[in-house]
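Undergrad: Below: one structure in structure tokens.
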Amino acid sequence: GFRRAGRLDGIELSEIVQISERAAQLRAQGLDVIALSTGEPDFPTPPHVVEAAHKAALDGQTRYPATAGTPALRSAIAEQAGVEPAQVIVSTGAKQVLAGAFLATLDSSDEVITTAPFWTSYADMVKLAGGVPVVLDCPREQGFKLTPEQLDAAITPRTRWLLLNTPSNPTGAVYTESELRALGDVLEQHPQVWVISDEIYQHLAYVPFTPFVQAVPALADRTLTVNGVSKAYSMTGWRIGWGIGPAPLIKAMAAVQGQITSGACSIAQAAALAALAGPQNLLAERREAMRARRDLVVASLNAAGLDCAVPDGAFYVFPRTPAAMPSDPEFCRHLLDHAGVAVVPGRAFGMLGHFRLSFAYDTDSLTQGLRRIADAAAKL
Ligand code: PLP
């Protein structure tokens with residue numbers, strides 16, 4: 001019969017995907033379900049980006065692209081970041097950048113420090129690459145952020161990476177410049193530890209945003225910055241992300257990519273280039289639209305007695321589950337089956353007693369969904 005590889009032990013289809021699929025199933029049965037579970041902006045990809053893709057396809061940009069990215073896109077990213085193109089790799093989404101970095105660097109039992117709550121895929125990616133995730137609990141009381149003391153205590157001779165995410169999925173936490181510097185001070189004492197800063201929500205920050213390398217330039221020669229067009233330009237389906245880091249790391253990641261997927265889709269890279277080169281005013285417009293939704297969502301949840309912090313970035317809130325039903329998977333199941341709203345349990349992000357609601361939806365869905373949640377919570 002069928003036998004799974006040992007490296008898949010404990011690894012399943014992400015709980016976020018499972019919930020979204022169940023919501024779609026219930027809807028197909030004719031039930032009225034509002035999904036507030038998915039991490040993608042509801043805005044369309046900008047038309048000039050779609051046109052650039054169309055043109056690229058008609059112009060014959062339809063052959064295997066260079067493994068680490070088309071020269072045009074790599075150069076545009078490098079120029080924006082003030083680095084050399086050899087320090088840039090373009091991959092099939094930010095997801096592949098992360099996976100490639102772990103596959104290129106982790107030997108068996110190497111450790112990757114990350115924080116809980118974390119984006120669902122982090123721990124599983126590290127395990128797939130043979131590494132060991134070391135997850136540090138960063139509860140609401142500390143703003144869902146890692147402290148220098150926690151970091152210092154967790155570093156061992158086997159630590160290869162600190163994996164940071166700012167702004168964070170699922171909490172929206174954004175590290176200030178001085179918080180990043182304080183973490184950098186710890187890392188300066190431990191030259192074996194490199195940093196991945198996942199900044200995919202950079203353009204969705206409601207407070208000043210500081211990239212890790214800008215706060216801690218002394219560590220630039222061991223920092224990989226991850227970014228992409230998915231969230232900022234509403235291009236989740238185009239699958240273009242990139243990593244910016246030291247050339248030898250990028251070269252190793254390109255070697256991995258070359259054996260697994262080759263270069264990312266040539267047409268999608270032309271589209272991403274158009275997004276970077278085109279008008280940027282849409283970033284602020286969309287951010288402000290998200291901010292208004294954030295304010296609506298935070299106010300409604302707190303009014304319903306669900307304790308919800310104000311996220312400084314991204315498009316998620318991570319409120320506590322009601323005291324009457326503290327188990328987050330049970331609460332989320334209850335909301336889906338009895339109130340017709342899909343949200344994701346904190347368990348999927350490594351922190352119990354919370355749930356994640358995405359506000360990357362139109363105001364009507366949000367208002368209705370929040371009313372249903374409030375009604376359900378009141379009846380518990
Ligand atoms: N990093 C974080 C923190 C995310 O939330 C996501 C998507 O949900 C990604 C990376 C993946 O981005 P991409 O769609 O470009 O692979």
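Every chain in the structure tokens has a letter given in the order shown (A, B, ...), and although residue numbers restart at 1 in each chain, ligands are simply numbered from 1 in the order shown.
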Residues at most 9 Å from ligand 1, using only C-alpha atoms and all ligand atoms? Could they come as a PDB file with N, CA and C atoms, in the first residue's frame?
TA:
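Dumped everything to selection-v1.pdb:
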```pdb
ATOM      1  N   THR A  38      -9.298  33.799   4.588  1.00  0.00           N
ATOM      2  CA  THR A  38      -8.212  33.696   3.618  1.00  0.00           C
ATOM      3  C   THR A  38      -7.316  34.923   3.637  1.00  0.00           C
ATOM      4  N   GLY A  39      -6.029  34.690   3.405  1.00  0.00           N
ATOM      5  CA  GLY A  39      -5.048  35.768   3.463  1.00  0.00           C
ATOM      6  C   GLY A  39      -4.732  36.361   2.117  1.00  0.00           C
ATOM      7  N   GLU A  40      -5.756  36.851   1.424  1.00  0.00           N
ATOM      8  CA  GLU A  40      -5.437  37.543   0.179  1.00  0.00           C
ATOM      9  C   GLU A  40      -6.342  38.734  -0.024  1.00  0.00           C
ATOM     10  N   SER A  91      11.454  33.846  -7.070  1.00  0.00           N
ATOM     11  CA  SER A  91      10.928  32.485  -6.931  1.00  0.00           C
ATOM     12  C   SER A  91       9.418  32.472  -7.132  1.00  0.00           C
ATOM     13  N   THR A  92       8.861  31.268  -7.088  1.00  0.00           N
ATOM     14  CA  THR A  92       7.429  31.078  -7.265  1.00  0.00           C
ATOM     15  C   THR A  92       6.724  31.402  -5.947  1.00  0.00           C
ATOM     16  N   GLY A  93       6.588  32.692  -5.675  1.00  0.00           N
ATOM     17  CA  GLY A  93       6.009  33.155  -4.426  1.00  0.00           C
ATOM     18  C   GLY A  93       7.059  33.270  -3.331  1.00  0.00           C
ATOM     19  N   ALA A  94       6.737  34.111  -2.338  1.00  0.00           N
ATOM     20  CA  ALA A  94       7.608  34.239  -1.173  1.00  0.00           C
ATOM     21  C   ALA A  94       7.756  32.877  -0.500  1.00  0.00           C
ATOM     22  N   LYS A  95       6.747  32.055  -0.635  1.00  0.00           N
ATOM     23  CA  LYS A  95       6.763  30.724  -0.044  1.00  0.00           C
ATOM     24  C   LYS A  95       7.963  29.922  -0.545  1.00  0.00           C
ATOM     25  N   GLN A  96       8.204  29.971  -1.852  1.00  0.00           N
ATOM     26  CA  GLN A  96       9.337  29.200  -2.370  1.00  0.00           C
ATOM     27  C   GLN A  96      10.674  29.807  -1.947  1.00  0.00           C
ATOM     28  N   VAL A  97      10.701  31.104  -1.741  1.00  0.00           N
ATOM     29  CA  VAL A  97      11.946  31.726  -1.269  1.00  0.00           C
ATOM     30  C   VAL A  97      12.312  31.126   0.093  1.00  0.00           C
ATOM     31  N   LEU A  98      11.313  31.062   0.979  1.00  0.00           N
ATOM     32  CA  LEU A  98      11.545  30.531   2.325  1.00  0.00           C
ATOM     33  C   LEU A  98      11.963  29.061   2.258  1.00  0.00           C
ATOM     34  N   PHE A 118       2.841  32.110  14.633  1.00  0.00           N
ATOM     35  CA  PHE A 118       3.601  32.205  13.389  1.00  0.00           C
ATOM     36  C   PHE A 118       2.693  31.885  12.214  1.00  0.00           C
ATOM     37  N   TRP A 119       3.125  32.303  11.039  1.00  0.00           N
ATOM     38  CA  TRP A 119       2.412  31.920   9.820  1.00  0.00           C
ATOM     39  C   TRP A 119       2.539  30.408   9.670  1.00  0.00           C
ATOM     40  N   THR A 120       1.405  29.760   9.458  1.00  0.00           N
ATOM     41  CA  THR A 120       1.258  28.304   9.469  1.00  0.00           C
ATOM     42  C   THR A 120       2.396  27.524   8.817  1.00  0.00           C
ATOM     43  N   SER A 121       2.895  28.001   7.701  1.00  0.00           N
ATOM     44  CA  SER A 121       3.853  27.190   6.941  1.00  0.00           C
ATOM     45  C   SER A 121       5.264  27.155   7.529  1.00  0.00           C
ATOM     46  N   TYR A 122       5.608  28.122   8.376  1.00  0.00           N
ATOM     47  CA  TYR A 122       6.998  28.225   8.824  1.00  0.00           C
ATOM     48  C   TYR A 122       7.534  26.919   9.428  1.00  0.00           C
ATOM     49  N   ASN A 165       8.909  37.882  11.180  1.00  0.00           N
ATOM     50  CA  ASN A 165       7.879  38.275  10.230  1.00  0.00           C
ATOM     51  C   ASN A 165       7.293  39.606  10.704  1.00  0.00           C
ATOM     52  N   THR A 166       7.585  40.648   9.935  1.00  0.00           N
ATOM     53  CA  THR A 166       7.099  41.985  10.294  1.00  0.00           C
ATOM     54  C   THR A 166       6.667  42.730   9.043  1.00  0.00           C
ATOM     55  N   PRO A 167       5.434  43.213   8.982  1.00  0.00           N
ATOM     56  CA  PRO A 167       4.269  42.970   9.831  1.00  0.00           C
ATOM     57  C   PRO A 167       3.898  41.483   9.832  1.00  0.00           C
ATOM     58  N   SER A 168       3.316  41.047  10.936  1.00  0.00           N
ATOM     59  CA  SER A 168       3.109  39.618  11.149  1.00  0.00           C
ATOM     60  C   SER A 168       1.741  39.114  10.684  1.00  0.00           C
ATOM     61  N   ASN A 169       1.773  37.957  10.097  1.00  0.00           N
ATOM     62  CA  ASN A 169       0.591  37.128   9.931  1.00  0.00           C
ATOM     63  C   ASN A 169       0.713  36.055  11.007  1.00  0.00           C
ATOM     64  N   PRO A 170      -0.168  35.926  11.972  1.00  0.00           N
ATOM     65  CA  PRO A 170      -1.560  36.404  12.029  1.00  0.00           C
ATOM     66  C   PRO A 170      -1.822  37.599  12.954  1.00  0.00           C
ATOM     67  N   ASP A 198      10.824  38.177   6.941  1.00  0.00           N
ATOM     68  CA  ASP A 198       9.726  38.038   5.984  1.00  0.00           C
ATOM     69  C   ASP A 198       8.907  39.328   6.054  1.00  0.00           C
ATOM     70  N   GLU A 199       9.072  40.157   5.016  1.00  0.00           N
ATOM     71  CA  GLU A 199       8.452  41.489   5.009  1.00  0.00           C
ATOM     72  C   GLU A 199       7.389  41.598   3.910  1.00  0.00           C
ATOM     73  N   ILE A 200       6.705  40.483   3.661  1.00  0.00           N
ATOM     74  CA  ILE A 200       5.735  40.426   2.566  1.00  0.00           C
ATOM     75  C   ILE A 200       4.573  41.415   2.769  1.00  0.00           C
ATOM     76  N   TYR A 201       4.318  41.816   4.043  1.00  0.00           N
ATOM     77  CA  TYR A 201       3.248  42.792   4.307  1.00  0.00           C
ATOM     78  C   TYR A 201       3.778  44.215   4.491  1.00  0.00           C
ATOM     79  N   VAL A 226      12.763  38.698   2.696  1.00  0.00           N
ATOM     80  CA  VAL A 226      11.780  38.049   1.819  1.00  0.00           C
ATOM     81  C   VAL A 226      10.648  39.035   1.542  1.00  0.00           C
ATOM     82  N   ASN A 227      10.285  39.136   0.273  1.00  0.00           N
ATOM     83  CA  ASN A 227       9.217  40.046  -0.104  1.00  0.00           C
ATOM     84  C   ASN A 227       8.578  39.548  -1.399  1.00  0.00           C
ATOM     85  N   GLY A 228       7.658  40.312  -1.954  1.00  0.00           N
ATOM     86  CA  GLY A 228       7.019  39.866  -3.190  1.00  0.00           C
ATOM     87  C   GLY A 228       5.823  40.734  -3.539  1.00  0.00           C
ATOM     88  N   VAL A 229       5.155  40.363  -4.612  1.00  0.00           N
ATOM     89  CA  VAL A 229       4.029  41.176  -5.099  1.00  0.00           C
ATOM     90  C   VAL A 229       2.662  40.664  -4.625  1.00  0.00           C
ATOM     91  N   SER A 230       2.633  39.491  -3.988  1.00  0.00           N
ATOM     92  CA  SER A 230       1.341  38.851  -3.682  1.00  0.00           C
ATOM     93  C   SER A 230       0.375  39.760  -2.932  1.00  0.00           C
ATOM     94  N   LYS A 231       0.828  40.292  -1.795  1.00  0.00           N
ATOM     95  CA  LYS A 231      -0.092  41.019  -0.920  1.00  0.00           C
ATOM     96  C   LYS A 231      -0.177  42.490  -1.315  1.00  0.00           C
ATOM     97  N   MET A 235      -1.571  40.172  -6.100  1.00  0.00           N
ATOM     98  CA  MET A 235      -1.090  39.258  -7.144  1.00  0.00           C
ATOM     99  C   MET A 235      -0.816  37.868  -6.585  1.00  0.00           C
ATOM    100  N   THR A 236      -1.679  37.408  -5.677  1.00  0.00           N
ATOM    101  CA  THR A 236      -1.434  36.114  -5.028  1.00  0.00           C
ATOM    102  C   THR A 236      -1.373  34.963  -6.034  1.00  0.00           C
ATOM    103  N   GLY A 237      -2.160  35.067  -7.111  1.00  0.00           N
ATOM    104  CA  GLY A 237      -2.196  33.964  -8.070  1.00  0.00           C
ATOM    105  C   GLY A 237      -1.049  33.965  -9.067  1.00  0.00           C
ATOM    106  N   TRP A 238      -0.308  35.057  -9.131  1.00  0.00           N
ATOM    107  CA  TRP A 238       0.782  35.128 -10.114  1.00  0.00           C
ATOM    108  C   TRP A 238       2.021  34.399  -9.619  1.00  0.00           C
ATOM    109  N   ARG A 239       2.126  34.230  -8.331  1.00  0.00           N
ATOM    110  CA  ARG A 239       3.181  33.461  -7.689  1.00  0.00           C
ATOM    111  C   ARG A 239       4.578  34.031  -7.937  1.00  0.00           C
ATOM    112  N   ILE A 240       4.786  35.293  -7.586  1.00  0.00           N
ATOM    113  CA  ILE A 240       6.128  35.871  -7.675  1.00  0.00           C
ATOM    114  C   ILE A 240       6.532  36.468  -6.326  1.00  0.00           C
ATOM    115  N   GLY A 241       7.649  35.958  -5.797  1.00  0.00           N
ATOM    116  CA  GLY A 241       8.238  36.512  -4.584  1.00  0.00           C
ATOM    117  C   GLY A 241       9.738  36.573  -4.791  1.00  0.00           C
ATOM    118  N   TRP A 242      10.436  37.228  -3.859  1.00  0.00           N
ATOM    119  CA  TRP A 242      11.895  37.274  -4.010  1.00  0.00           C
ATOM    120  C   TRP A 242      12.609  37.303  -2.674  1.00  0.00           C
ATOM    121  N   ALA A 314      -0.497  44.370   8.188  1.00  0.00           N
ATOM    122  CA  ALA A 314      -1.144  43.221   7.537  1.00  0.00           C
ATOM    123  C   ALA A 314      -2.671  43.382   7.574  1.00  0.00           C
TER     124      ALA A 314
END
```
Undergrad: Please, which residues of stretch 86-222 of chain A, numbered as in this document, come out strand (DSSP E) from DSSP, as a list in words?
TA: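 Reading the DSSP output for stretch 86-222 of chain A, strand (DSSP E) covers Val88, Ile89, Val90, Ser91, Glu111, Val112, Ile113, Thr114, Thr115, Ala116, Val132, Pro133, Val134, Val135, Leu136, Asp137, Thr159, Arg160, Trp161, Leu162, Leu163, Leu164, Asn165, Trp194, Val195, Ile196, Ser197 and Asp198 of chain A.
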Undergrad: Could the residues in this selection be saved with N, CA and C atoms as a JSON list (two decimals), in the first residue's frame?
TA:
```json
[["chain", "number", "residue", "atom", "x", "y", "z"],
["A", 88, "VAL", "N", 19.90, 38.85, -5.50],
["A", 88, "VAL", "CA", 18.44, 38.73, -5.60],
["A", 88, "VAL", "C", 18.07, 37.40, -6.25],
["A", 89, "ILE", "N", 17.12, 36.68, -5.67],
["A", 89, "ILE", "CA", 16.53, 35.52, -6.34],
["A", 89, "ILE", "C", 15.02, 35.73, -6.43],
["A", 90, "VAL", "N", 14.48, 35.46, -7.62],
["A", 90, "VAL", "CA", 13.04, 35.53, -7.83],
["A", 90, "VAL", "C", 12.52, 34.09, -7.82],
["A", 91, "SER", "N", 11.45, 33.85, -7.07],
["A", 91, "SER", "CA", 10.93, 32.49, -6.93],
["A", 91, "SER", "C", 9.42, 32.47, -7.13],
["A", 111, "GLU", "N", 18.76, 24.16, 13.87],
["A", 111, "GLU", "CA", 17.59, 24.80, 14.49],
["A", 111, "GLU", "C", 17.25, 26.15, 13.86],
["A", 112, "VAL", "N", 15.94, 26.39, 13.76],
["A", 112, "VAL", "CA", 15.44, 27.68, 13.28],
["A", 112, "VAL", "C", 14.55, 28.24, 14.37],
["A", 113, "ILE", "N", 14.92, 29.41, 14.86],
["A", 113, "ILE", "CA", 14.12, 30.04, 15.92],
["A", 113, "ILE", "C", 13.03, 30.86, 15.26],
["A", 114, "THR", "N", 11.80, 30.64, 15.70],
["A", 114, "THR", "CA", 10.74, 31.52, 15.24],
["A", 114, "THR", "C", 9.77, 31.77, 16.39],
["A", 115, "THR", "N", 8.81, 32.65, 16.15],
["A", 115, "THR", "CA", 7.94, 33.09, 17.23],
["A", 115, "THR", "C", 6.54, 32.53, 17.02],
["A", 116, "ALA", "N", 5.84, 32.26, 18.11],
["A", 116, "ALA", "CA", 4.41, 31.93, 18.01],
["A", 116, "ALA", "C", 3.64, 33.11, 18.56],
["A", 132, "VAL", "N", 14.89, 21.74, 12.71],
["A", 132, "VAL", "CA", 14.07, 21.69, 13.91],
["A", 132, "VAL", "C", 13.56, 23.09, 14.22],
["A", 133, "PRO", "N", 12.24, 23.30, 14.17],
["A", 133, "PRO", "CA", 11.73, 24.62, 14.55],
["A", 133, "PRO", "C", 11.79, 24.80, 16.06],
["A", 134, "VAL", "N", 12.33, 25.91, 16.49],
["A", 134, "VAL", "CA", 12.35, 26.25, 17.92],
["A", 134, "VAL", "C", 11.40, 27.43, 18.07],
["A", 135, "VAL", "N", 10.23, 27.15, 18.63],
["A", 135, "VAL", "CA", 9.15, 28.14, 18.60],
["A", 135, "VAL", "C", 9.06, 28.84, 19.96],
["A", 136, "LEU", "N", 9.22, 30.14, 19.95],
["A", 136, "LEU", "CA", 9.17, 30.92, 21.19],
["A", 136, "LEU", "C", 7.81, 31.60, 21.31],
["A", 137, "ASP", "N", 7.17, 31.38, 22.44],
["A", 137, "ASP", "CA", 5.84, 31.93, 22.68],
["A", 137, "ASP", "C", 5.90, 33.44, 22.89],
["A", 159, "THR", "N", 21.82, 26.67, 16.21],
["A", 159, "THR", "CA", 20.90, 27.65, 15.63],
["A", 159, "THR", "C", 21.47, 28.17, 14.32],
["A", 160, "ARG", "N", 20.70, 28.04, 13.25],
["A", 160, "ARG", "CA", 21.14, 28.57, 11.95],
["A", 160, "ARG", "C", 20.44, 29.87, 11.60],
["A", 161, "TRP", "N", 19.14, 29.94, 11.93],
["A", 161, "TRP", "CA", 18.35, 31.10, 11.52],
["A", 161, "TRP", "C", 17.48, 31.61, 12.67],
["A", 162, "LEU", "N", 17.27, 32.93, 12.66],
["A", 162, "LEU", "CA", 16.12, 33.53, 13.34],
["A", 162, "LEU", "C", 15.18, 33.93, 12.23],
["A", 163, "LEU", "N", 13.94, 33.47, 12.31],
["A", 163, "LEU", "CA", 12.93, 33.78, 11.30],
["A", 163, "LEU", "C", 11.94, 34.77, 11.89],
["A", 164, "LEU", "N", 11.98, 35.99, 11.37],
["A", 164, "LEU", "CA", 11.09, 37.06, 11.85],
["A", 164, "LEU", "C", 10.07, 37.39, 10.77],
["A", 165, "ASN", "N", 8.91, 37.88, 11.18],
["A", 165, "ASN", "CA", 7.88, 38.27, 10.23],
["A", 165, "ASN", "C", 7.29, 39.61, 10.70],
["A", 194, "TRP", "N", 21.92, 33.38, 11.30],
["A", 194, "TRP", "CA", 21.51, 34.29, 10.24],
["A", 194, "TRP", "C", 20.04, 34.68, 10.45],
["A", 195, "VAL", "N", 19.60, 35.68, 9.70],
["A", 195, "VAL", "CA", 18.24, 36.19, 9.90],
["A", 195, "VAL", "C", 17.45, 36.13, 8.61],
["A", 196, "ILE", "N", 16.23, 35.60, 8.70],
["A", 196, "ILE", "CA", 15.28, 35.76, 7.61],
["A", 196, "ILE", "C", 14.24, 36.76, 8.10],
["A", 197, "SER", "N", 14.07, 37.85, 7.36],
["A", 197, "SER", "CA", 13.03, 38.80, 7.70],
["A", 197, "SER", "C", 11.98, 38.75, 6.60],
["A", 198, "ASP", "N", 10.82, 38.18, 6.94],
["A", 198, "ASP", "CA", 9.73, 38.04, 5.98],
["A", 198, "ASP", "C", 8.91, 39.33, 6.05]]
```
Undergrad: Choose the residue, out of A:Val343, A:Ala218, A:Leu204, A:Ala254, that has the smallest atom-to-atom separation from A:Leu282; count only C-alpha atoms.
TA: A:Leu204
Undergrad: List the spatial neighbours of A:Pro139 as JSON, numbers by chain - criterion: any atom at most 12 Å away, only C-alpha atoms, same-chain residues fewer than 6 positions off excluded.
TA: {"A": [115, 116, 117, 118, 145, 146, 147, 171, 173, 309, 318, 319, 320, 346, 349, 350, 351, 352, 353, 354]}
Undergrad: So how far away is atom CA of A:Gln87 from atom CA of A:Ala247, in Å?
TA: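 Taking atom CA of A:Ala247 as the start and atom CA of A:Gln87 as the end point, the length is 4.6 Å.
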Undergrad: Can you list, as a PyMOL selection string, every protein, DNA or RNA residue that comes within 12 Å of A:Ala323 when you count only C-alpha atoms, leaving out same-chain residues fewer than 6 positions away?
TA: chain A and resi 305-307+331+353-354+377-378+380
